[in-house]
Amino acid sequence: MRVHFLSRQTLSAAVCALGLVACGGGGSSTNTNTNTSAVTVPGAPTIGAATAGNASASIAFSAPASNGGASITGYTATCVSGSTSASGTGTSSPIAVSGLANGTVYNCSVTASNSAGTSAASGTVAVTPTSGGSTTPTNTTAGVLCSVMNSGNQVLSYTNSAPGGAATAVNDTLAFSYSWSCNSSLRSFTGNGVPNHAVTDGKFATKLSAQSISGSVTLTPVANSASTPVKLPGYALNSVKMDPGTAGTCTNTATSVTSGCDYAGGNGTWRMEAMGDPAVSPWKFDFGTDVNNAHVQPNGQYHYHGMPTNLIPKLNNASTTSMTLVAWAADGFPIYANYGYSTANNASSALKEMKGSYLVKSSPDANRPSVTLFAMGHFQQDWVYAAGQGDLDECNGRTGVTPEFPQGVYHYYVTKTYPFIQRCVKGSAASWAFMP
């Protein structure tokens with residue numbers, strides 16, 4: 001048997017190749033192997049503006065703050081309406097998406113890709129393609145309803161039913177007044193908050209009384225891709241505030257509207273909704289709202305939680321066949337009643353009833369009171385925005401033409417479906433929008 005001996009140099013080279021010792025020049029031996037961070041998918045891009053085209057849209061965006069440790073190889077813009085979607089790709093902003101249906105509202109988002117995969121989607125931006133080509137909405141509301149004023153007396157009939165007290169029929173006649181005016185930059189309003197229309201069927205814990213109302217909004221609103229939550233999204237033309245939320249709460253262990261729920265506030269986690277969406281049944285909460293989906297706060301202030309039914313024909317005697325501007329939002333954009341054009345940028349298209357794009361969650365959040373006791377939809381936390389589910393964005397708005405703005409404008413709607421009155425705005429809100 002022949003035995004082969006390896007030279008010292010050959011043995012050292014073999015051990016070095018196996019990585020069992022450090023290799024290299026002279027001096028002390030050190031391990032030069034280093035661990036590098038693994039590449040991850042990029043962060044989400046930031047959505048920008050969407051420009052409508054003929055059966056298409058151009059989607060602008062900004063690159064994500066993090067590329068995940070590797071170069072971004074491309075972006076994908078996707079526009080969704082219900083179960084229909086279309087996409088476009090590119091390496092920079094903007095990205096064109098074709099194959100869209102004119103007159104249909106799409107919610108568009110953008111993702112970024114690198115060698116590790118695809119990022120989460122950006123936020124969404126709404127766009128409505130049009131056969132008329134791209135549209136340029138107006139950038140000012142100046143000249144529209146800049147001299148509005150009215151005053152008079154209104155008969156108000158409701159029940160004054162304070163907690164624990166006897167119900168008393170009320171038939172009051174109160175003076176109402178309101179005024180809107182514009183200067184070079186602001187739209188200002190004053191009024192006493194008394195409705196200029198019939199009030200019936202309400203059960204108010206406090207008697208309705210006159211208030212001192214004043215405020216202003218910008219004449220040059222700008223719709224951003226991001227939205228801002230607000231408490232008071234707007235004021236109706238009659239100076240009645242729009243206040244869709246409630247102070248009412250229920251605790252985790254609530255077993256009924258009288259055990260664990262407090263209409264006046266309380267310390268519960270679950271925010272009670274004043275109105276029931278048509279899809280939620282049976283409805284358990286009773287905030288005493290009247291035929292105008294309004295009631296009275298402890299200070300006597302009347303306010304709308306939903307459709308101001310009797311105000312609409314006061315403002316527009318053709319309200320069943322045309323759009324009706326009912327309010328100005330805290331960011332300066334107009335708020336319309338529930339009817340809009342079926343094709344957003346075509347004033348010749350038929351009117352249709354606008355629907356919000358919210359759904360109840362598929363399952364309740366942890367620690368929520370029993371869905372057997374309170375069907376999903378009773379609490380603010382039960383609802384989630386679902387792009388393309390309805391006609392409008394997360395703030396119950398869209399861009400399109402209206403009678404007052406034939407060139408198009410971003411505008412909101414009051415709807416008969418959740419959220420009824422929007423809970424956020426797209427522009428920069430006046431300070432009063434955040435007041436308690």
# chains A, B, ... in the order shown; residues from 1 in each chain; ligands from 1

$ closest_atom_pairs --of "stretch 117-162 of chain A" --to "stretch 280-291 of chain A" --cutoff "10 Å" --atoms "only C-alpha atoms" --output "tab-separated table"
residue	atom	partner	partner_atom	distance
A:Ser157	CA	A:Asp290	CA	9.8
A:Tyr158	CA	A:Asp290	CA	8.0
A:Thr159	CA	A:Gly288	CA	9.1
A:Asn160	CA	A:Gly288	CA	9.8
A:Ser161	CA	A:Gly288	CA	8.9

$ write_last_selection --atoms "C-alpha atoms" --output "PDB file, in the first residue's frame"
ATOM      1  CA  SER A 157     -92.906  70.138  15.923  1.00  0.00           C
ATOM      2  CA  TYR A 158     -91.191  67.420  17.938  1.00  0.00           C
ATOM      3  CA  THR A 159     -91.230  65.619  21.256  1.00  0.00           C
ATOM      4  CA  ASN A 160     -89.085  66.841  24.133  1.00  0.00           C
ATOM      5  CA  SER A 161     -88.178  63.583  25.848  1.00  0.00           C
TER       6      SER A 161
END

$ residues_around --residues "A:Val425" --least-positions-apart "3" --cutoff "10 Å" --atoms "only C-alpha atoms" --output "short mmCIF file (atom, residue, chain, number, x, y, z; two decimals) with C-alpha atoms, in the first residue's frame"
data_model
loop_
_atom_site.label_atom_id
_atom_site.label_comp_id
_atom_site.auth_asym_id
_atom_site.auth_seq_id
_atom_site.Cartn_x
_atom_site.Cartn_y
_atom_site.Cartn_z
CA ALA A 223 -58.03 68.04 -3.34
CA ASN A 224 -55.15 65.94 -2.04
CA ALA A 226 -54.62 61.78 1.29
CA SER A 227 -57.69 62.49 3.42
CA THR A 228 -58.01 64.23 6.79
CA PRO A 229 -60.50 62.95 9.41
CA VAL A 230 -62.76 65.70 10.76
CA LEU A 232 -67.58 68.60 11.53
CA PRO A 233 -67.29 68.09 7.76
CA GLY A 234 -69.41 71.09 6.80
CA ALA A 329 -67.42 71.46 3.33
CA ALA A 330 -64.75 72.49 5.83
CA ASP A 331 -62.14 72.44 3.05
CA GLY A 332 -64.17 74.70 0.74
CA PHE A 333 -65.54 72.08 -1.66
CA GLU A 394 -63.38 57.29 1.23
CA CYS A 395 -64.66 60.83 1.89
CA ASN A 396 -67.91 60.28 -0.05
CA GLY A 397 -66.58 62.44 -2.88
CA HIS A 411 -67.29 67.52 -4.52
CA TYR A 412 -68.93 65.47 -1.77
CA GLN A 422 -68.46 62.13 5.01
CA SER A 428 -57.15 71.59 4.02
CA ALA A 429 -59.89 71.87 6.64
CA ALA A 433 -63.88 71.18 11.61
#

$ residues_around --residues "stretch 68-79 of chain A" --least-positions-apart "5" --cutoff "6 Å" --atoms "only C-alpha atoms" --output "ChimeraX atom specification"
/A:39-42,85-91,106-114

$ write_last_selection --atoms "N, CA and C atoms" --output "mmCIF file, in the first residue's frame"
data_model
loop_
_atom_site.group_PDB
_atom_site.id
_atom_site.type_symbol
_atom_site.label_atom_id
_atom_site.label_comp_id
_atom_site.auth_asym_id
_atom_site.auth_seq_id
_atom_site.Cartn_x
_atom_site.Cartn_y
_atom_site.Cartn_z
ATOM 1 N N VAL A 39 -32.044 41.532 1.231
ATOM 2 C CA VAL A 39 -32.855 42.473 0.452
ATOM 3 C C VAL A 39 -34.331 42.196 0.738
ATOM 4 N N THR A 40 -35.100 43.242 0.952
ATOM 5 C CA THR A 40 -36.540 43.123 1.174
ATOM 6 C C THR A 40 -37.293 43.869 0.081
ATOM 7 N N VAL A 41 -38.586 43.679 0.059
ATOM 8 C CA VAL A 41 -39.384 44.394 -0.939
ATOM 9 C C VAL A 41 -39.361 45.880 -0.625
ATOM 10 N N PRO A 42 -39.588 46.737 -1.610
ATOM 11 C CA PRO A 42 -39.568 48.189 -1.357
ATOM 12 C C PRO A 42 -40.734 48.617 -0.464
ATOM 13 N N SER A 85 -60.698 45.423 -13.081
ATOM 14 C CA SER A 85 -59.448 46.144 -12.863
ATOM 15 C C SER A 85 -58.625 46.172 -14.145
ATOM 16 N N ALA A 86 -57.737 47.140 -14.237
ATOM 17 C CA ALA A 86 -56.805 47.262 -15.350
ATOM 18 C C ALA A 86 -55.507 47.820 -14.801
ATOM 19 N N SER A 87 -54.390 47.450 -15.427
ATOM 20 C CA SER A 87 -53.084 47.856 -14.921
ATOM 21 C C SER A 87 -52.191 48.380 -16.039
ATOM 22 N N GLY A 88 -51.204 49.152 -15.639
ATOM 23 C CA GLY A 88 -50.164 49.621 -16.537
ATOM 24 C C GLY A 88 -48.844 49.583 -15.799
ATOM 25 N N THR A 89 -47.744 49.456 -16.519
ATOM 26 C CA THR A 89 -46.432 49.385 -15.884
ATOM 27 C C THR A 89 -45.512 50.453 -16.431
ATOM 28 N N GLY A 90 -44.464 50.751 -15.676
ATOM 29 C CA GLY A 90 -43.480 51.725 -16.100
ATOM 30 C C GLY A 90 -42.352 51.787 -15.100
ATOM 31 N N THR A 91 -41.351 52.584 -15.413
ATOM 32 C CA THR A 91 -40.198 52.724 -14.529
ATOM 33 C C THR A 91 -40.160 54.065 -13.818
ATOM 34 N N TYR A 106 -62.991 54.873 -10.957
ATOM 35 C CA TYR A 106 -61.960 53.897 -10.617
ATOM 36 C C TYR A 106 -61.135 54.424 -9.445
ATOM 37 N N ASN A 107 -60.679 53.531 -8.601
ATOM 38 C CA ASN A 107 -59.742 53.856 -7.530
ATOM 39 C C ASN A 107 -58.408 53.220 -7.882
ATOM 40 N N CYS A 108 -57.381 54.056 -8.013
ATOM 41 C CA CYS A 108 -56.104 53.606 -8.548
ATOM 42 C C CYS A 108 -55.005 53.666 -7.483
ATOM 43 N N SER A 109 -54.106 52.692 -7.528
ATOM 44 C CA SER A 109 -52.978 52.629 -6.610
ATOM 45 C C SER A 109 -51.745 52.168 -7.368
ATOM 46 N N VAL A 110 -50.575 52.268 -6.719
ATOM 47 C CA VAL A 110 -49.303 51.939 -7.368
ATOM 48 C C VAL A 110 -48.477 51.050 -6.441
ATOM 49 N N THR A 111 -47.805 50.055 -7.015
ATOM 50 C CA THR A 111 -46.844 49.234 -6.279
ATOM 51 C C THR A 111 -45.465 49.363 -6.928
ATOM 52 N N ALA A 112 -44.424 49.069 -6.151
ATOM 53 C CA ALA A 112 -43.041 49.081 -6.634
ATOM 54 C C ALA A 112 -42.457 47.681 -6.519
ATOM 55 N N SER A 113 -41.552 47.321 -7.425
ATOM 56 C CA SER A 113 -40.933 45.991 -7.414
ATOM 57 C C SER A 113 -39.416 46.097 -7.455
ATOM 58 N N ASN A 114 -38.760 45.156 -6.768
ATOM 59 C CA ASN A 114 -37.314 44.972 -6.886
ATOM 60 C C ASN A 114 -37.019 43.479 -6.951
#

$ atom_distance --atom1 "atom CA of A:Lys231" --atom2 "atom CA of A:Ser209"
21.6 Å

$ closest_residue --among "A:Gly388, A:Gly143, A:Gly408, A:Pro364" --to "A:Ala347" --atoms "only C-alpha atoms"
A:Gly408

$ select_by_dssp --residues "stretch 228-417 of chain A" --states "strand (DSSP E)" --output "PyMOL selection string"
chain A and resi 228-229+234-236+241-242+249-250+261-262+270-271+294-296+302-304+325-329+334-336+339-341+351-353+358-360+383-385+397-400+409-413

$ write_last_selection --atoms "N, CA and C atoms" --output "compact mmCIF listing (two decimals), in the first residue's frame"
# COMPACT_ATOMS: atom_id res chain seq x y z
N THR A 228 -58.18 63.78 5.41
CA THR A 228 -58.01 64.23 6.79
C THR A 228 -59.31 63.98 7.55
N PRO A 229 -59.28 63.16 8.62
CA PRO A 229 -60.50 62.95 9.41
C PRO A 229 -60.93 64.25 10.09
N GLY A 234 -68.89 69.95 7.52
CA GLY A 234 -69.41 71.09 6.80
C GLY A 234 -70.61 71.72 7.46
N TYR A 235 -71.07 72.82 6.86
CA TYR A 235 -72.30 73.49 7.29
C TYR A 235 -73.24 73.58 6.10
N ALA A 236 -74.51 73.24 6.36
CA ALA A 236 -75.53 73.38 5.33
C ALA A 236 -75.76 74.86 5.05
N LYS A 241 -75.28 72.71 11.23
CA LYS A 241 -74.03 71.97 11.04
C LYS A 241 -74.28 70.51 10.69
N MET A 242 -73.31 69.95 9.99
CA MET A 242 -73.31 68.53 9.65
C MET A 242 -72.35 67.83 10.60
N THR A 249 -71.28 55.64 23.30
CA THR A 249 -70.37 54.49 23.28
C THR A 249 -71.01 53.29 23.98
N CYS A 250 -70.48 52.12 23.65
CA CYS A 250 -70.84 50.89 24.36
C CYS A 250 -69.55 50.23 24.86
N CYS A 261 -74.32 50.58 27.34
CA CYS A 261 -74.27 51.62 26.31
C CYS A 261 -74.73 52.95 26.90
N ASP A 262 -74.11 54.04 26.44
CA ASP A 262 -74.43 55.37 26.95
C ASP A 262 -74.56 56.31 25.76
N TRP A 270 -66.62 51.31 21.96
CA TRP A 270 -67.33 51.14 20.69
C TRP A 270 -68.23 52.34 20.42
N ARG A 271 -67.90 53.07 19.32
CA ARG A 271 -68.60 54.31 19.00
C ARG A 271 -69.92 54.01 18.30
N ALA A 294 -81.89 64.38 11.79
CA ALA A 294 -81.23 65.36 12.66
C ALA A 294 -81.81 65.25 14.06
N HIS A 295 -81.07 65.76 15.02
CA HIS A 295 -81.59 65.89 16.38
C HIS A 295 -80.87 67.04 17.05
N VAL A 296 -81.01 67.15 18.38
CA VAL A 296 -80.53 68.32 19.11
C VAL A 296 -79.50 67.90 20.15
N TYR A 302 -79.35 72.13 16.80
CA TYR A 302 -79.88 71.19 15.82
C TYR A 302 -78.77 70.86 14.83
N HIS A 303 -78.64 69.59 14.43
CA HIS A 303 -77.58 69.22 13.49
C HIS A 303 -77.96 67.95 12.73
N TYR A 304 -77.43 67.84 11.51
CA TYR A 304 -77.75 66.72 10.64
C TYR A 304 -76.75 65.57 10.83
N LEU A 325 -76.99 71.49 -4.47
CA LEU A 325 -75.90 71.85 -3.58
C LEU A 325 -76.52 72.21 -2.23
N VAL A 326 -76.18 71.45 -1.18
CA VAL A 326 -76.82 71.65 0.12
C VAL A 326 -75.90 72.24 1.17
N ALA A 327 -74.58 72.21 0.94
CA ALA A 327 -73.65 72.64 1.99
C ALA A 327 -72.29 72.94 1.39
N TRP A 328 -71.46 73.59 2.22
CA TRP A 328 -70.05 73.76 1.88
C TRP A 328 -69.23 73.01 2.92
N ALA A 329 -68.26 72.26 2.44
CA ALA A 329 -67.42 71.46 3.33
C ALA A 329 -66.36 72.32 4.01
N PRO A 334 -67.86 71.89 -2.44
CA PRO A 334 -69.31 71.80 -2.24
C PRO A 334 -69.75 70.40 -1.83
N ILE A 335 -70.88 70.36 -1.13
CA ILE A 335 -71.51 69.09 -0.75
C ILE A 335 -72.89 69.06 -1.40
N TYR A 336 -73.19 67.97 -2.09
CA TYR A 336 -74.46 67.82 -2.80
C TYR A 336 -75.32 66.76 -2.12
N TYR A 339 -78.09 62.86 -5.38
CA TYR A 339 -78.13 62.59 -6.82
C TYR A 339 -76.99 63.28 -7.56
N GLY A 340 -76.35 62.53 -8.47
CA GLY A 340 -75.30 63.05 -9.32
C GLY A 340 -75.41 62.44 -10.70
N TYR A 341 -74.61 62.93 -11.62
CA TYR A 341 -74.65 62.42 -12.99
C TYR A 341 -74.09 61.00 -13.04
N LEU A 351 -79.35 61.24 -14.19
CA LEU A 351 -79.05 61.31 -12.76
C LEU A 351 -79.13 59.91 -12.16
N LYS A 352 -78.30 59.67 -11.16
CA LYS A 352 -78.37 58.43 -10.42
C LYS A 352 -78.13 58.73 -8.95
N GLU A 353 -78.60 57.86 -8.09
CA GLU A 353 -78.37 58.04 -6.67
C GLU A 353 -76.99 57.53 -6.31
N TYR A 358 -68.50 51.92 1.40
CA TYR A 358 -68.14 51.25 2.65
C TYR A 358 -68.89 49.94 2.81
N LEU A 359 -68.23 48.99 3.47
CA LEU A 359 -68.82 47.70 3.80
C LEU A 359 -68.59 47.41 5.28
N VAL A 360 -69.47 46.59 5.85
CA VAL A 360 -69.16 46.11 7.19
C VAL A 360 -68.06 45.07 7.07
N TRP A 383 -67.11 49.42 10.21
CA TRP A 383 -67.11 49.78 8.80
C TRP A 383 -65.71 49.92 8.24
N VAL A 384 -65.56 49.57 6.97
CA VAL A 384 -64.27 49.69 6.29
C VAL A 384 -64.52 50.17 4.86
N TYR A 385 -63.65 51.06 4.39
CA TYR A 385 -63.75 51.55 3.02
C TYR A 385 -63.33 50.47 2.04
N GLY A 397 -66.74 61.43 -1.84
CA GLY A 397 -66.58 62.44 -2.88
C GLY A 397 -66.10 61.87 -4.19
N ARG A 398 -66.11 62.72 -5.20
CA ARG A 398 -65.54 62.40 -6.51
C ARG A 398 -65.33 63.69 -7.27
N THR A 399 -64.62 63.62 -8.38
CA THR A 399 -64.43 64.76 -9.26
C THR A 399 -65.35 64.61 -10.46
N GLY A 400 -66.04 65.68 -10.82
CA GLY A 400 -66.94 65.63 -11.97
C GLY A 400 -67.63 66.97 -12.15
N VAL A 409 -65.37 69.79 -10.73
CA VAL A 409 -64.83 70.15 -9.43
C VAL A 409 -64.88 68.91 -8.53
N TYR A 410 -63.97 68.84 -7.60
CA TYR A 410 -64.10 67.79 -6.59
C TYR A 410 -65.27 68.18 -5.69
N HIS A 411 -66.13 67.23 -5.35
CA HIS A 411 -67.29 67.52 -4.52
C HIS A 411 -67.71 66.29 -3.73
N TYR A 412 -68.46 66.53 -2.65
CA TYR A 412 -68.93 65.47 -1.77
C TYR A 412 -70.42 65.25 -1.98
N TYR A 413 -70.90 64.10 -1.47
CA TYR A 413 -72.32 63.78 -1.49
C TYR A 413 -72.79 63.35 -0.10

$ residues_around --residues "A:Asp393" --least-positions-apart "6" --cutoff "7 Å" --atoms "only C-alpha atoms" --output "short mmCIF file (atom, residue, chain, number, x, y, z; two decimals) with N, CA and C atoms, in the first residue's frame"
data_model
loop_
_atom_site.label_atom_id
_atom_site.label_comp_id
_atom_site.auth_asym_id
_atom_site.auth_seq_id
_atom_site.Cartn_x
_atom_site.Cartn_y
_atom_site.Cartn_z
N ALA A 126 -59.02 58.54 -6.84
CA ALA A 126 -60.16 58.27 -7.70
C ALA A 126 -60.04 59.01 -9.02
N SER A 357 -68.92 53.90 -0.53
CA SER A 357 -68.10 52.72 -0.85
C SER A 357 -67.61 52.02 0.41
N ALA A 387 -62.69 50.31 -1.89
CA ALA A 387 -62.60 51.06 -3.15
C ALA A 387 -63.37 50.36 -4.27
#

$ closest_residue --among "A:Pro436, A:Ser177, A:Thr128, A:Arg187" --to "A:Ser147" --atoms "only C-alpha atoms"
A:Arg187

$ atom_distance --atom1 "atom CA of A:Ser319" --atom2 "atom CA of A:Ile421"
18.4 Å

$ residues_around --residues "A:Gly265" --least-positions-apart "2" --cutoff "8 Å" --atoms "only C-alpha atoms" --output "number ranges by chain"
A: 247-249, 262-263, 267-268

$ write_last_selection --atoms "C-alpha atoms" --output "PDB file, in the first residue's frame"
ATOM      1  CA  ALA A 247     -70.653  60.836  21.513  1.00  0.00           C
ATOM      2  CA  GLY A 248     -72.397  57.567  22.366  1.00  0.00           C
ATOM      3  CA  THR A 249     -70.374  54.487  23.275  1.00  0.00           C
ATOM      4  CA  ASP A 262     -74.430  55.371  26.948  1.00  0.00           C
ATOM      5  CA  TYR A 263     -76.032  57.657  24.356  1.00  0.00           C
ATOM      6  CA  ASN A 267     -66.256  55.378  28.638  1.00  0.00           C
ATOM      7  CA  GLY A 268     -66.918  52.562  26.190  1.00  0.00           C
TER       8      GLY A 268
END

$ residues_around --residues "A:Pro64" --least-positions-apart "3" --cutoff "9 Å" --atoms "only C-alpha atoms" --output "list of chain:residue names"
A:Pro42, A:Gly43, A:Ala44, A:Pro45, A:Thr46, A:Asn67, A:Ala112
